[in-house]
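In what follows, a structure is listed as structure tokens, so that the remarks can point back to it.
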Amino acid sequence: MLTFAWSNGKQKTLTLMKKTILGIILAFMAFTAKAQHTPHAIGAHFGGSTIDFEYQYHFSKKNFLDVTAGIFDLGNGLALQGIYNWNIWRSHGWTPKFADWKFWGGFGGGLGFYDHDQDSGMFLGPVGTLGFGFTLKVCPLTVGIDYRPMIAIQLGEDSGINDRGFRNLGLTVTYRF
């Protein structure tokens with residue numbers, strides 16, 4: 001029972017009871033709190049054949065969807081890609097105070113527009129990815145190196161195989177929110 005008396009003995013009891021109640025509330029919050037898992041991430045991919053804006057949706061710690069849109073063949077076209085990825089391997093122990101490390105891979109598809117000299121048209125084809133990177137402990141920033149090859153069928157004035165997406169080794173930086 002809290003009493004508001006201003007004598008020395010009762011004031012100490014009131015202070016002790018306030019600290020006890022505050023301690024119980026904080027302990028309850030700590031036991032019931034859950035770390036916030038944010039499924040969305042945005043970022044950029046700077047590769048050998050694309051420079052992309054990137055959006056990721058993380059279904060769980062095991063898999064995520066990666067959608068990119070950007071410049072293809074360094075200025076000769078535009079590309080949109082969707083890749084379903086799996087986190088193949090994760091390590092929390094390499095650098096426990098710095099970052100969590102992971103290795104991921106996946107496959108999907110891509111389409112876009114290409115215009116280079118005499119060649120122009122639309123292209124579509126399969127896309128793969130293999131990546132290795134880390135997520136910082138202090139903030140949800142992921143930095144990685146990945147390989148995203150794409151070989152596509154080009155439709156248009158000069159139909160054929162477009163293999164310019166095959167050299168797409170690059171740097172990926174994403175921020176989860």
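A note on labels: chains of the structure tokens are A, B, ... as shown, every chain counts residues from 1, and ligands are counted from 1 in their shown order.
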
Find the nearest atom pair between each residue of stretch 25-115 of chain A and stretch 123-130 of chain A for residues within 12 Å, count only C-alpha atoms, give distances in Å to one decimal, sort rows by chain and ascending number, and present the table as CSV.
residue,atom,partner,partner_atom,distance
A:Leu65,CA,A:Thr129,CA,11.7
A:Asp66,CA,A:Thr129,CA,10.1
A:Val67,CA,A:Val127,CA,11.4
A:Thr68,CA,A:Val127,CA,11.4
A:Phe72,CA,A:Phe123,CA,10.9
A:Gly77,CA,A:Phe123,CA,9.9
A:Leu78,CA,A:Phe123,CA,9.9
A:Ala79,CA,A:Phe123,CA,8.7
A:Leu80,CA,A:Leu124,CA,9.5
A:Gln81,CA,A:Val127,CA,7.5
A:Gly82,CA,A:Val127,CA,8.1
A:Ile83,CA,A:Val127,CA,7.1
A:Tyr84,CA,A:Gly128,CA,9.0
A:Asn85,CA,A:Thr129,CA,7.8
A:Trp86,CA,A:Leu130,CA,9.7
A:Asn87,CA,A:Leu130,CA,9.9
A:Ile88,CA,A:Leu130,CA,9.7
A:Trp89,CA,A:Leu130,CA,11.6
A:Lys102,CA,A:Leu130,CA,10.9
A:Phe103,CA,A:Leu130,CA,7.5
A:Trp104,CA,A:Leu130,CA,5.8
A:Gly105,CA,A:Leu130,CA,4.3
A:Gly106,CA,A:Thr129,CA,5.2
A:Phe107,CA,A:Gly128,CA,4.2
A:Gly108,CA,A:Val127,CA,5.1
A:Gly109,CA,A:Pro126,CA,4.4
A:Gly110,CA,A:Leu124,CA,5.5
A:Leu111,CA,A:Leu124,CA,4.1
A:Gly112,CA,A:Phe123,CA,5.4
A:Phe113,CA,A:Phe123,CA,6.1
A:Tyr114,CA,A:Phe123,CA,7.1
A:Asp115,CA,A:Phe123,CA,10.6

Could you give me, as a tab-separated table, a per-residue list for stretch 43-124 of chain A showing, wherever an atom lies at most 8 Å from an atom of stretch 156-169 of chain A, the closest pair of atoms and their distance in Å to one decimal, using only C-alpha atoms and sorting by chain then residue number from low to high?
residue	atom	partner	partner_atom	distance
A:Gly47	CA	A:Asn168	CA	5.1
A:Gly48	CA	A:Asn168	CA	4.5
A:Ser49	CA	A:Asn168	CA	5.0
A:Thr50	CA	A:Asn168	CA	6.7
A:Phe72	CA	A:Gly165	CA	7.7
A:Asp73	CA	A:Arg164	CA	6.4
A:Gln118	CA	A:Asp158	CA	7.8
A:Asp119	CA	A:Asp158	CA	5.6
A:Ser120	CA	A:Glu157	CA	6.1
A:Gly121	CA	A:Gly156	CA	4.2
A:Met122	CA	A:Gly156	CA	6.2
A:Phe123	CA	A:Asn162	CA	7.5

Could you pull out the residues in stretch 33-162 of chain A that DSSP calls strand (DSSP E) from the backbone, as a ChimeraX atom specification? /A:40-47,50-58,63-72,77-95,99-116,119-136,141-147,152-156,160-162

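Residue nearest A:Arg90, chosen from A:Gln154, A:Ser60, A:Gly133, A:Tyr175 and counting only C-alpha atoms: A:Gly133.
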
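Each of A:His116, A:Tyr55, A:His92, A:Ala44 was compared to A:Phe177 using only C-alpha atoms, and A:Tyr55 turns out to be the nearest.
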
Need the shell around stretch 95-101 of chain A: protein/DNA/RNA residues with any atom at most 8 Å away, counting only C-alpha atoms. Skip same-chain ones fewer than 3 positions apart. Format as a ChimeraX atom specification? /A:90-92,132-138

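The space between atom CA of A:Thr174 and atom CA of A:Thr38 spans 12.7 Å.
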
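Within stretch 18-123 of chain A, residues classed as alpha helix (DSSP H) by DSSP on backbone coordinates are Lys18, Lys19, Thr20, Ile21, Leu22, Gly23, Ile24, Ile25, Leu26, Ala27, Phe28, Met29, Ala30, Phe31 and Thr32 of chain A.
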
Find the spatial neighbours of A:Thr172, counting only C-alpha atoms, within a cut-off of 9 Å - ignore same-chain residues fewer than 4 positions away - and output them as number ranges by chain. A: 43-47, 54, 131, 133, 142-146
